Each structure stands twice: as structure tokens, then as C-alpha cells.
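Printed here is coords.cif (mmCIF, N, CA and C atoms):
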```cif
data_coords
#
loop_
_atom_site.label_atom_id
_atom_site.label_comp_id
_atom_site.auth_asym_id
_atom_site.auth_seq_id
_atom_site.Cartn_x
_atom_site.Cartn_y
_atom_site.Cartn_z
N LEU A 1 -24.99 -0.37 -36.37
CA LEU A 1 -25.57 -0.84 -35.13
C LEU A 1 -24.47 -1.24 -34.14
N SER A 2 -23.44 -1.88 -34.64
CA SER A 2 -22.33 -2.28 -33.76
C SER A 2 -21.65 -1.07 -33.13
N LEU A 3 -21.42 -0.04 -33.93
CA LEU A 3 -20.80 1.17 -33.41
C LEU A 3 -21.68 1.81 -32.34
N PHE A 4 -22.98 1.83 -32.59
CA PHE A 4 -23.93 2.38 -31.63
C PHE A 4 -23.85 1.62 -30.31
N MET A 5 -23.80 0.29 -30.38
CA MET A 5 -23.73 -0.54 -29.18
C MET A 5 -22.43 -0.28 -28.41
N ILE A 6 -21.33 -0.10 -29.13
CA ILE A 6 -20.05 0.17 -28.47
C ILE A 6 -20.09 1.51 -27.76
N VAL A 7 -20.63 2.52 -28.44
CA VAL A 7 -20.73 3.86 -27.83
C VAL A 7 -21.63 3.81 -26.60
N MET A 8 -22.75 3.13 -26.68
CA MET A 8 -23.67 3.04 -25.54
C MET A 8 -23.02 2.31 -24.37
N ALA A 9 -22.27 1.26 -24.65
CA ALA A 9 -21.59 0.51 -23.59
C ALA A 9 -20.54 1.39 -22.91
N ALA A 10 -19.83 2.19 -23.70
CA ALA A 10 -18.82 3.08 -23.14
C ALA A 10 -19.48 4.15 -22.26
N GLN A 11 -20.59 4.71 -22.72
CA GLN A 11 -21.28 5.72 -21.93
C GLN A 11 -21.82 5.11 -20.63
N PHE A 12 -22.32 3.89 -20.69
CA PHE A 12 -22.80 3.23 -19.48
C PHE A 12 -21.67 3.02 -18.49
N ALA A 13 -20.50 2.61 -18.98
CA ALA A 13 -19.34 2.39 -18.10
C ALA A 13 -18.91 3.69 -17.44
N LEU A 14 -18.92 4.78 -18.20
CA LEU A 14 -18.56 6.09 -17.63
C LEU A 14 -19.57 6.53 -16.58
N ALA A 15 -20.85 6.31 -16.85
CA ALA A 15 -21.89 6.69 -15.90
C ALA A 15 -21.74 5.89 -14.61
N GLN A 16 -21.44 4.61 -14.72
CA GLN A 16 -21.23 3.79 -13.52
C GLN A 16 -20.05 4.31 -12.71
N SER A 17 -18.99 4.69 -13.39
CA SER A 17 -17.81 5.22 -12.72
C SER A 17 -18.16 6.50 -11.96
N ASP A 18 -18.95 7.38 -12.58
CA ASP A 18 -19.37 8.62 -11.92
C ASP A 18 -20.24 8.32 -10.70
N ILE A 19 -21.14 7.37 -10.82
CA ILE A 19 -22.01 7.01 -9.71
C ILE A 19 -21.19 6.48 -8.54
N LEU A 20 -20.24 5.62 -8.83
CA LEU A 20 -19.41 5.06 -7.75
C LEU A 20 -18.56 6.15 -7.09
N THR A 21 -18.04 7.07 -7.89
CA THR A 21 -17.27 8.19 -7.34
C THR A 21 -18.15 9.03 -6.42
N ASP A 22 -19.35 9.36 -6.87
CA ASP A 22 -20.28 10.14 -6.05
C ASP A 22 -20.66 9.39 -4.78
N TRP A 23 -20.89 8.09 -4.90
CA TRP A 23 -21.27 7.26 -3.75
C TRP A 23 -20.15 7.25 -2.71
N GLU A 24 -18.92 7.07 -3.15
CA GLU A 24 -17.77 7.06 -2.23
C GLU A 24 -17.60 8.41 -1.55
N ARG A 25 -17.78 9.50 -2.30
CA ARG A 25 -17.69 10.85 -1.74
C ARG A 25 -18.75 11.05 -0.66
N ALA A 26 -19.98 10.68 -0.98
CA ALA A 26 -21.08 10.83 -0.03
C ALA A 26 -20.84 9.98 1.22
N LYS A 27 -20.33 8.77 1.03
CA LYS A 27 -20.03 7.90 2.16
C LYS A 27 -18.97 8.52 3.06
N SER A 28 -17.94 9.09 2.46
CA SER A 28 -16.87 9.71 3.22
C SER A 28 -17.38 10.91 4.01
N TYR A 29 -18.16 11.77 3.37
CA TYR A 29 -18.71 12.94 4.06
C TYR A 29 -19.65 12.54 5.19
N THR A 30 -20.48 11.53 4.95
CA THR A 30 -21.42 11.08 5.98
C THR A 30 -20.66 10.53 7.17
N LYS A 31 -19.60 9.77 6.92
CA LYS A 31 -18.79 9.22 8.02
C LYS A 31 -18.14 10.35 8.81
N GLU A 32 -17.69 11.39 8.13
CA GLU A 32 -17.10 12.53 8.84
C GLU A 32 -18.13 13.18 9.77
N TYR A 33 -19.36 13.36 9.27
CA TYR A 33 -20.42 13.92 10.10
C TYR A 33 -20.69 13.05 11.32
N LEU A 34 -20.77 11.74 11.09
CA LEU A 34 -21.05 10.82 12.20
C LEU A 34 -19.93 10.82 13.23
N ASP A 35 -18.69 10.82 12.76
CA ASP A 35 -17.55 10.81 13.67
C ASP A 35 -17.46 12.10 14.49
N ALA A 36 -17.89 13.22 13.90
CA ALA A 36 -17.79 14.51 14.58
C ALA A 36 -18.97 14.79 15.51
N ALA A 37 -20.05 14.05 15.34
CA ALA A 37 -21.27 14.33 16.12
C ALA A 37 -21.11 13.93 17.58
N THR A 38 -21.51 14.84 18.44
CA THR A 38 -21.51 14.55 19.87
C THR A 38 -22.89 13.99 20.25
N GLU A 39 -23.00 13.49 21.46
CA GLU A 39 -24.28 12.96 21.95
C GLU A 39 -25.37 14.02 21.86
N GLU A 40 -25.00 15.25 22.20
CA GLU A 40 -25.96 16.35 22.15
C GLU A 40 -26.47 16.58 20.72
N VAL A 41 -25.56 16.55 19.77
CA VAL A 41 -25.94 16.75 18.37
C VAL A 41 -26.77 15.58 17.86
N ILE A 42 -26.39 14.38 18.21
CA ILE A 42 -27.08 13.19 17.72
C ILE A 42 -28.55 13.19 18.13
N ASN A 43 -28.86 13.63 19.32
CA ASN A 43 -30.23 13.61 19.81
C ASN A 43 -31.00 14.91 19.61
N TYR A 44 -30.36 15.91 19.03
CA TYR A 44 -30.98 17.23 18.88
C TYR A 44 -32.11 17.21 17.84
N LYS A 45 -33.25 17.80 18.21
CA LYS A 45 -34.38 17.99 17.30
C LYS A 45 -34.73 19.47 17.33
N PRO A 46 -34.56 20.17 16.21
CA PRO A 46 -34.85 21.60 16.21
C PRO A 46 -36.32 21.91 16.52
N THR A 47 -37.21 21.05 16.04
CA THR A 47 -38.64 21.16 16.36
C THR A 47 -39.18 19.76 16.54
N ALA A 48 -40.34 19.65 17.14
CA ALA A 48 -40.94 18.33 17.38
C ALA A 48 -41.28 17.61 16.07
N ASP A 49 -41.50 18.36 15.00
CA ASP A 49 -41.91 17.77 13.73
C ASP A 49 -40.75 17.35 12.83
N THR A 50 -39.52 17.58 13.24
CA THR A 50 -38.37 17.23 12.41
C THR A 50 -37.63 16.04 13.01
N ARG A 51 -36.83 15.40 12.18
CA ARG A 51 -36.04 14.27 12.65
C ARG A 51 -34.83 14.77 13.43
N SER A 52 -34.42 13.97 14.40
CA SER A 52 -33.15 14.24 15.07
C SER A 52 -32.04 13.83 14.10
N PHE A 53 -30.81 14.18 14.45
CA PHE A 53 -29.66 13.78 13.63
C PHE A 53 -29.63 12.25 13.50
N ALA A 54 -29.83 11.56 14.62
CA ALA A 54 -29.83 10.09 14.60
C ALA A 54 -30.94 9.54 13.72
N GLU A 55 -32.13 10.12 13.80
CA GLU A 55 -33.25 9.66 12.97
C GLU A 55 -32.98 9.93 11.49
N GLN A 56 -32.32 11.05 11.20
CA GLN A 56 -31.99 11.35 9.81
C GLN A 56 -30.95 10.36 9.28
N MET A 57 -29.97 10.01 10.08
CA MET A 57 -28.96 9.03 9.66
C MET A 57 -29.60 7.64 9.44
N LEU A 58 -30.56 7.29 10.31
CA LEU A 58 -31.28 6.03 10.13
C LEU A 58 -32.09 6.07 8.83
N HIS A 59 -32.72 7.19 8.56
CA HIS A 59 -33.48 7.36 7.32
C HIS A 59 -32.56 7.20 6.10
N LEU A 60 -31.39 7.78 6.17
CA LEU A 60 -30.41 7.67 5.09
C LEU A 60 -29.97 6.21 4.91
N ALA A 61 -29.69 5.54 6.01
CA ALA A 61 -29.27 4.14 5.95
C ALA A 61 -30.37 3.25 5.36
N MET A 62 -31.60 3.48 5.77
CA MET A 62 -32.71 2.68 5.25
C MET A 62 -32.92 2.92 3.76
N GLY A 63 -32.68 4.15 3.32
CA GLY A 63 -32.75 4.43 1.88
C GLY A 63 -31.70 3.65 1.12
N ASN A 64 -30.50 3.57 1.68
CA ASN A 64 -29.43 2.80 1.04
C ASN A 64 -29.76 1.31 1.02
N VAL A 65 -30.36 0.83 2.09
CA VAL A 65 -30.79 -0.58 2.13
C VAL A 65 -31.82 -0.83 1.03
N GLY A 66 -32.76 0.09 0.88
CA GLY A 66 -33.77 -0.06 -0.17
C GLY A 66 -33.17 -0.07 -1.55
N ILE A 67 -32.20 0.81 -1.81
CA ILE A 67 -31.53 0.85 -3.12
C ILE A 67 -30.77 -0.45 -3.35
N ALA A 68 -30.04 -0.91 -2.34
CA ALA A 68 -29.28 -2.15 -2.48
C ALA A 68 -30.21 -3.33 -2.71
N SER A 69 -31.31 -3.37 -2.00
CA SER A 69 -32.27 -4.45 -2.16
C SER A 69 -32.86 -4.45 -3.57
N ALA A 70 -33.24 -3.28 -4.04
CA ALA A 70 -33.83 -3.18 -5.38
C ALA A 70 -32.82 -3.53 -6.47
N SER A 71 -31.57 -3.14 -6.28
CA SER A 71 -30.58 -3.39 -7.33
C SER A 71 -30.06 -4.81 -7.34
N THR A 72 -30.11 -5.50 -6.20
CA THR A 72 -29.61 -6.88 -6.14
C THR A 72 -30.71 -7.92 -6.22
N GLY A 73 -31.96 -7.47 -5.98
CA GLY A 73 -33.07 -8.41 -6.00
C GLY A 73 -33.21 -9.19 -4.71
N LYS A 74 -32.38 -8.87 -3.71
CA LYS A 74 -32.44 -9.57 -2.43
C LYS A 74 -33.40 -8.85 -1.50
N GLU A 75 -34.07 -9.63 -0.67
CA GLU A 75 -35.03 -9.08 0.27
C GLU A 75 -34.31 -8.31 1.38
N ARG A 76 -34.92 -7.23 1.83
CA ARG A 76 -34.36 -6.46 2.94
C ARG A 76 -34.37 -7.31 4.20
N ILE A 77 -33.31 -7.23 4.97
CA ILE A 77 -33.23 -7.95 6.23
C ILE A 77 -34.06 -7.23 7.29
N PHE A 78 -34.02 -5.91 7.29
CA PHE A 78 -34.82 -5.13 8.21
C PHE A 78 -35.53 -4.03 7.43
N LYS A 79 -36.64 -3.56 8.00
CA LYS A 79 -37.45 -2.57 7.29
C LYS A 79 -37.73 -1.36 8.13
#
```

What is this file in C-alpha cells?
Amino acid sequence: LSLFMIVMAAQFALAQSDILTDWERAKSYTKEYLDAATEEVINYKPTADTRSFAEQMLHLAMGNVGIASASTGKERIFK
């Protein structure tokens, strides 16, 4: 049982490391997109039924707020 617990703890630590690496990569790519976006791109909507670039970035941010809120147990400041 002790060996099993050690192996499971090691796998959990590796999984956390992978998640953080993926999170940092996604954050870096998203920042690059935001920095490169012009006013025209930010407000562009290909069709009336789709989100603009700005609305999609807001949707992404709100998803991150929801994940952070759920994982920390703290209430969202904005919804």
C-alpha cells in the first residue's frame, strides 16, 4: 500500500507539472495574439452569430476565472 501511495503521489506531481507547462504555453500564445491584434481585428465578427475577437477573449478570461474560483473555493468577483 505504501508503494502504491508513493507511485500515485509521483504521478500526481508529474500531471501537475504538465498542466502548469500547458497553462504557461497557452498564456504565452494568447498574449501574443492579443499583442498582435489591431483594432480592426479585435472588433471583427465574421457573422452576426459569432463572437468578435474581443468577445472570444472575454469568454476565455471568464472561463479562467471560473476554473480559478472552483479550484480555490473563492467566489467570483465578476460574472

Would you mind listing what lies within 6.5 Å of stretch 40-45 of chain A as a PDB file with N, CA and C atoms, in the coordinates of the input, with all atoms listed in the file counted and same-chain residues fewer than 4 positions away left out?
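part.pdb written:
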```pdb
ATOM      1  N   THR A  50     -39.520  17.580  13.240  1.00  0.00           N
ATOM      2  CA  THR A  50     -38.370  17.230  12.410  1.00  0.00           C
ATOM      3  C   THR A  50     -37.630  16.040  13.010  1.00  0.00           C
ATOM      4  N   ARG A  51     -36.830  15.400  12.180  1.00  0.00           N
ATOM      5  CA  ARG A  51     -36.040  14.270  12.650  1.00  0.00           C
ATOM      6  C   ARG A  51     -34.830  14.770  13.430  1.00  0.00           C
ATOM      7  N   SER A  52     -34.420  13.970  14.400  1.00  0.00           N
ATOM      8  CA  SER A  52     -33.150  14.240  15.070  1.00  0.00           C
ATOM      9  C   SER A  52     -32.040  13.830  14.100  1.00  0.00           C
ATOM     10  N   PHE A  53     -30.810  14.180  14.450  1.00  0.00           N
ATOM     11  CA  PHE A  53     -29.660  13.780  13.630  1.00  0.00           C
ATOM     12  C   PHE A  53     -29.630  12.250  13.500  1.00  0.00           C
ATOM     13  N   ALA A  54     -29.830  11.560  14.620  1.00  0.00           N
ATOM     14  CA  ALA A  54     -29.830  10.090  14.600  1.00  0.00           C
ATOM     15  C   ALA A  54     -30.940   9.540  13.720  1.00  0.00           C
ATOM     16  N   GLU A  55     -32.130  10.120  13.800  1.00  0.00           N
ATOM     17  CA  GLU A  55     -33.250   9.660  12.970  1.00  0.00           C
ATOM     18  C   GLU A  55     -32.980   9.930  11.490  1.00  0.00           C
TER      19      GLU A  55
END
```

Note to self: Given only C-alpha atoms as the basis, pick out the residue of A:Thr21, A:Ser69, A:Thr30, A:Ser2 nearest to A:Met57.
What the structure shows: A:Thr30

Give me every helix (DSSP H, G or I) residue in chain A, going by DSSP on the backbone, as an mmCIF file with N, CA and C atoms, keeping the file's coordinate frame.
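Below you can see selection_30.cif, which holds the result:
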```cif
data_model
loop_
_atom_site.group_PDB
_atom_site.id
_atom_site.type_symbol
_atom_site.label_atom_id
_atom_site.label_comp_id
_atom_site.auth_asym_id
_atom_site.auth_seq_id
_atom_site.Cartn_x
_atom_site.Cartn_y
_atom_site.Cartn_z
ATOM 1 N N SER A 2 -23.440 -1.880 -34.640
ATOM 2 C CA SER A 2 -22.330 -2.280 -33.760
ATOM 3 C C SER A 2 -21.650 -1.070 -33.130
ATOM 4 N N LEU A 3 -21.420 -0.040 -33.930
ATOM 5 C CA LEU A 3 -20.800 1.170 -33.410
ATOM 6 C C LEU A 3 -21.680 1.810 -32.340
ATOM 7 N N PHE A 4 -22.980 1.830 -32.590
ATOM 8 C CA PHE A 4 -23.930 2.380 -31.630
ATOM 9 C C PHE A 4 -23.850 1.620 -30.310
ATOM 10 N N MET A 5 -23.800 0.290 -30.380
ATOM 11 C CA MET A 5 -23.730 -0.540 -29.180
ATOM 12 C C MET A 5 -22.430 -0.280 -28.410
ATOM 13 N N ILE A 6 -21.330 -0.100 -29.130
ATOM 14 C CA ILE A 6 -20.050 0.170 -28.470
ATOM 15 C C ILE A 6 -20.090 1.510 -27.760
ATOM 16 N N VAL A 7 -20.630 2.520 -28.440
ATOM 17 C CA VAL A 7 -20.730 3.860 -27.830
ATOM 18 C C VAL A 7 -21.630 3.810 -26.600
ATOM 19 N N MET A 8 -22.750 3.130 -26.680
ATOM 20 C CA MET A 8 -23.670 3.040 -25.540
ATOM 21 C C MET A 8 -23.020 2.310 -24.370
ATOM 22 N N ALA A 9 -22.270 1.260 -24.650
ATOM 23 C CA ALA A 9 -21.590 0.510 -23.590
ATOM 24 C C ALA A 9 -20.540 1.390 -22.910
ATOM 25 N N ALA A 10 -19.830 2.190 -23.700
ATOM 26 C CA ALA A 10 -18.820 3.080 -23.140
ATOM 27 C C ALA A 10 -19.480 4.150 -22.260
ATOM 28 N N GLN A 11 -20.590 4.710 -22.720
ATOM 29 C CA GLN A 11 -21.280 5.720 -21.930
ATOM 30 C C GLN A 11 -21.820 5.110 -20.630
ATOM 31 N N PHE A 12 -22.320 3.890 -20.690
ATOM 32 C CA PHE A 12 -22.800 3.230 -19.480
ATOM 33 C C PHE A 12 -21.670 3.020 -18.490
ATOM 34 N N ALA A 13 -20.500 2.610 -18.980
ATOM 35 C CA ALA A 13 -19.340 2.390 -18.100
ATOM 36 C C ALA A 13 -18.910 3.690 -17.440
ATOM 37 N N LEU A 14 -18.920 4.780 -18.200
ATOM 38 C CA LEU A 14 -18.560 6.090 -17.630
ATOM 39 C C LEU A 14 -19.570 6.530 -16.580
ATOM 40 N N ALA A 15 -20.850 6.310 -16.850
ATOM 41 C CA ALA A 15 -21.890 6.690 -15.900
ATOM 42 C C ALA A 15 -21.740 5.890 -14.610
ATOM 43 N N GLN A 16 -21.440 4.610 -14.720
ATOM 44 C CA GLN A 16 -21.230 3.790 -13.520
ATOM 45 C C GLN A 16 -20.050 4.310 -12.710
ATOM 46 N N SER A 17 -18.990 4.690 -13.390
ATOM 47 C CA SER A 17 -17.810 5.220 -12.720
ATOM 48 C C SER A 17 -18.160 6.500 -11.960
ATOM 49 N N ASP A 18 -18.950 7.380 -12.580
ATOM 50 C CA ASP A 18 -19.370 8.620 -11.920
ATOM 51 C C ASP A 18 -20.240 8.320 -10.700
ATOM 52 N N ILE A 19 -21.140 7.370 -10.820
ATOM 53 C CA ILE A 19 -22.010 7.010 -9.710
ATOM 54 C C ILE A 19 -21.190 6.480 -8.540
ATOM 55 N N LEU A 20 -20.240 5.620 -8.830
ATOM 56 C CA LEU A 20 -19.410 5.060 -7.750
ATOM 57 C C LEU A 20 -18.560 6.150 -7.090
ATOM 58 N N THR A 21 -18.040 7.070 -7.890
ATOM 59 C CA THR A 21 -17.270 8.190 -7.340
ATOM 60 C C THR A 21 -18.150 9.030 -6.420
ATOM 61 N N ASP A 22 -19.350 9.360 -6.870
ATOM 62 C CA ASP A 22 -20.280 10.140 -6.050
ATOM 63 C C ASP A 22 -20.660 9.390 -4.780
ATOM 64 N N TRP A 23 -20.890 8.090 -4.900
ATOM 65 C CA TRP A 23 -21.270 7.260 -3.750
ATOM 66 C C TRP A 23 -20.150 7.250 -2.710
ATOM 67 N N GLU A 24 -18.920 7.070 -3.150
ATOM 68 C CA GLU A 24 -17.770 7.060 -2.230
ATOM 69 C C GLU A 24 -17.600 8.410 -1.550
ATOM 70 N N ARG A 25 -17.780 9.500 -2.300
ATOM 71 C CA ARG A 25 -17.690 10.850 -1.740
ATOM 72 C C ARG A 25 -18.750 11.050 -0.660
ATOM 73 N N ALA A 26 -19.980 10.680 -0.980
ATOM 74 C CA ALA A 26 -21.080 10.830 -0.030
ATOM 75 C C ALA A 26 -20.840 9.980 1.220
ATOM 76 N N LYS A 27 -20.330 8.770 1.030
ATOM 77 C CA LYS A 27 -20.030 7.900 2.160
ATOM 78 C C LYS A 27 -18.970 8.520 3.060
ATOM 79 N N SER A 28 -17.940 9.090 2.460
ATOM 80 C CA SER A 28 -16.870 9.710 3.220
ATOM 81 C C SER A 28 -17.380 10.910 4.010
ATOM 82 N N TYR A 29 -18.160 11.770 3.370
ATOM 83 C CA TYR A 29 -18.710 12.940 4.060
ATOM 84 C C TYR A 29 -19.650 12.540 5.190
ATOM 85 N N THR A 30 -20.480 11.530 4.950
ATOM 86 C CA THR A 30 -21.420 11.080 5.980
ATOM 87 C C THR A 30 -20.660 10.530 7.170
ATOM 88 N N LYS A 31 -19.600 9.770 6.920
ATOM 89 C CA LYS A 31 -18.790 9.220 8.020
ATOM 90 C C LYS A 31 -18.140 10.350 8.810
ATOM 91 N N GLU A 32 -17.690 11.390 8.130
ATOM 92 C CA GLU A 32 -17.100 12.530 8.840
ATOM 93 C C GLU A 32 -18.130 13.180 9.770
ATOM 94 N N TYR A 33 -19.360 13.360 9.270
ATOM 95 C CA TYR A 33 -20.420 13.920 10.100
ATOM 96 C C TYR A 33 -20.690 13.050 11.320
ATOM 97 N N LEU A 34 -20.770 11.740 11.090
ATOM 98 C CA LEU A 34 -21.050 10.820 12.200
ATOM 99 C C LEU A 34 -19.930 10.820 13.230
ATOM 100 N N ASP A 35 -18.690 10.820 12.760
ATOM 101 C CA ASP A 35 -17.550 10.810 13.670
ATOM 102 C C ASP A 35 -17.460 12.100 14.490
ATOM 103 N N ALA A 36 -17.890 13.220 13.900
ATOM 104 C CA ALA A 36 -17.790 14.510 14.580
ATOM 105 C C ALA A 36 -18.970 14.790 15.510
ATOM 106 N N GLU A 39 -23.000 13.490 21.460
ATOM 107 C CA GLU A 39 -24.280 12.960 21.950
ATOM 108 C C GLU A 39 -25.370 14.020 21.860
ATOM 109 N N GLU A 40 -25.000 15.250 22.200
ATOM 110 C CA GLU A 40 -25.960 16.350 22.150
ATOM 111 C C GLU A 40 -26.470 16.580 20.720
ATOM 112 N N VAL A 41 -25.560 16.550 19.770
ATOM 113 C CA VAL A 41 -25.940 16.750 18.370
ATOM 114 C C VAL A 41 -26.770 15.580 17.860
ATOM 115 N N ILE A 42 -26.390 14.380 18.210
ATOM 116 C CA ILE A 42 -27.080 13.190 17.720
ATOM 117 C C ILE A 42 -28.550 13.190 18.130
ATOM 118 N N ASN A 43 -28.860 13.630 19.320
ATOM 119 C CA ASN A 43 -30.230 13.610 19.810
ATOM 120 C C ASN A 43 -31.000 14.910 19.610
ATOM 121 N N PHE A 53 -30.810 14.180 14.450
ATOM 122 C CA PHE A 53 -29.660 13.780 13.630
ATOM 123 C C PHE A 53 -29.630 12.250 13.500
ATOM 124 N N ALA A 54 -29.830 11.560 14.620
ATOM 125 C CA ALA A 54 -29.830 10.090 14.600
ATOM 126 C C ALA A 54 -30.940 9.540 13.720
ATOM 127 N N GLU A 55 -32.130 10.120 13.800
ATOM 128 C CA GLU A 55 -33.250 9.660 12.970
ATOM 129 C C GLU A 55 -32.980 9.930 11.490
ATOM 130 N N GLN A 56 -32.320 11.050 11.200
ATOM 131 C CA GLN A 56 -31.990 11.350 9.810
ATOM 132 C C GLN A 56 -30.950 10.360 9.280
ATOM 133 N N MET A 57 -29.970 10.010 10.080
ATOM 134 C CA MET A 57 -28.960 9.030 9.660
ATOM 135 C C MET A 57 -29.600 7.640 9.440
ATOM 136 N N LEU A 58 -30.560 7.290 10.310
ATOM 137 C CA LEU A 58 -31.280 6.030 10.130
ATOM 138 C C LEU A 58 -32.090 6.070 8.830
ATOM 139 N N HIS A 59 -32.720 7.190 8.560
ATOM 140 C CA HIS A 59 -33.480 7.360 7.320
ATOM 141 C C HIS A 59 -32.560 7.200 6.100
ATOM 142 N N LEU A 60 -31.390 7.780 6.170
ATOM 143 C CA LEU A 60 -30.410 7.670 5.090
ATOM 144 C C LEU A 60 -29.970 6.210 4.910
ATOM 145 N N ALA A 61 -29.690 5.540 6.010
ATOM 146 C CA ALA A 61 -29.270 4.140 5.950
ATOM 147 C C ALA A 61 -30.370 3.250 5.360
ATOM 148 N N MET A 62 -31.600 3.480 5.770
ATOM 149 C CA MET A 62 -32.710 2.680 5.250
ATOM 150 C C MET A 62 -32.920 2.920 3.760
ATOM 151 N N GLY A 63 -32.680 4.150 3.320
ATOM 152 C CA GLY A 63 -32.750 4.430 1.880
ATOM 153 C C GLY A 63 -31.700 3.650 1.120
ATOM 154 N N ASN A 64 -30.500 3.570 1.680
ATOM 155 C CA ASN A 64 -29.430 2.800 1.040
ATOM 156 C C ASN A 64 -29.760 1.310 1.020
ATOM 157 N N VAL A 65 -30.360 0.830 2.090
ATOM 158 C CA VAL A 65 -30.790 -0.580 2.130
ATOM 159 C C VAL A 65 -31.820 -0.830 1.030
ATOM 160 N N GLY A 66 -32.760 0.090 0.880
ATOM 161 C CA GLY A 66 -33.770 -0.060 -0.170
ATOM 162 C C GLY A 66 -33.170 -0.070 -1.550
ATOM 163 N N ILE A 67 -32.200 0.810 -1.810
ATOM 164 C CA ILE A 67 -31.530 0.850 -3.120
ATOM 165 C C ILE A 67 -30.770 -0.450 -3.350
ATOM 166 N N ALA A 68 -30.040 -0.910 -2.340
ATOM 167 C CA ALA A 68 -29.280 -2.150 -2.480
ATOM 168 C C ALA A 68 -30.210 -3.330 -2.710
ATOM 169 N N SER A 69 -31.310 -3.370 -2.000
ATOM 170 C CA SER A 69 -32.270 -4.450 -2.160
ATOM 171 C C SER A 69 -32.860 -4.450 -3.570
ATOM 172 N N ALA A 70 -33.240 -3.280 -4.040
ATOM 173 C CA ALA A 70 -33.830 -3.180 -5.380
ATOM 174 C C ALA A 70 -32.820 -3.530 -6.470
ATOM 175 N N SER A 71 -31.570 -3.140 -6.280
ATOM 176 C CA SER A 71 -30.580 -3.390 -7.330
ATOM 177 C C SER A 71 -30.060 -4.810 -7.340
ATOM 178 N N THR A 72 -30.110 -5.500 -6.200
ATOM 179 C CA THR A 72 -29.610 -6.880 -6.140
ATOM 180 C C THR A 72 -30.710 -7.920 -6.220
#
```

Notebook entry, point to check: Please, what distance in Å, to one decimal, runs between atom C of A:Glu32 and atom N of A:Gly73?
Noted result: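 Atom-to-atom, atom C of A:Glu32 to atom N of A:Gly73, that is 29.4 Å.
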
Item checked: Length of the atom N of A:Asp35 to atom N of A:Gln56 vector [Å] ->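 We find that atom N of A:Asp35 and atom N of A:Gln56 lie 13.7 Å from each other.
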
Next item on the list: Enter the distance from atom N of A:Ala61 to atom N of A:Asp22, in Å, rounded to one decimal.
Entry: 17.0 Å

Notebook entry, point to check: Of the residues A:Pro46, A:Asp18, A:Val65, A:Ser28, which is the one nearest to A:Ile77, using all atoms listed in the file?
Noted result: A:Val65

Notebook entry, point to check: Using only C-alpha atoms, which of the listed residues (A:Thr38, A:Arg76, A:Ala48, A:Leu1) sits closest to A:Asn64?
Noted result: A:Arg76

As lines of an AutoDock Vina configuration file, please report the centre and edge lengths, rounded to one decimal in Å, of the axis-aligned box that holds all listed atoms of stretch 55-74 of chain A with 3 Å of padding on each of the six sides.
```
center_x = -31.4
center_y = 0.9
center_z = 3.2
size_x = 10.9
size_y = 26.9
size_z = 27.1
```
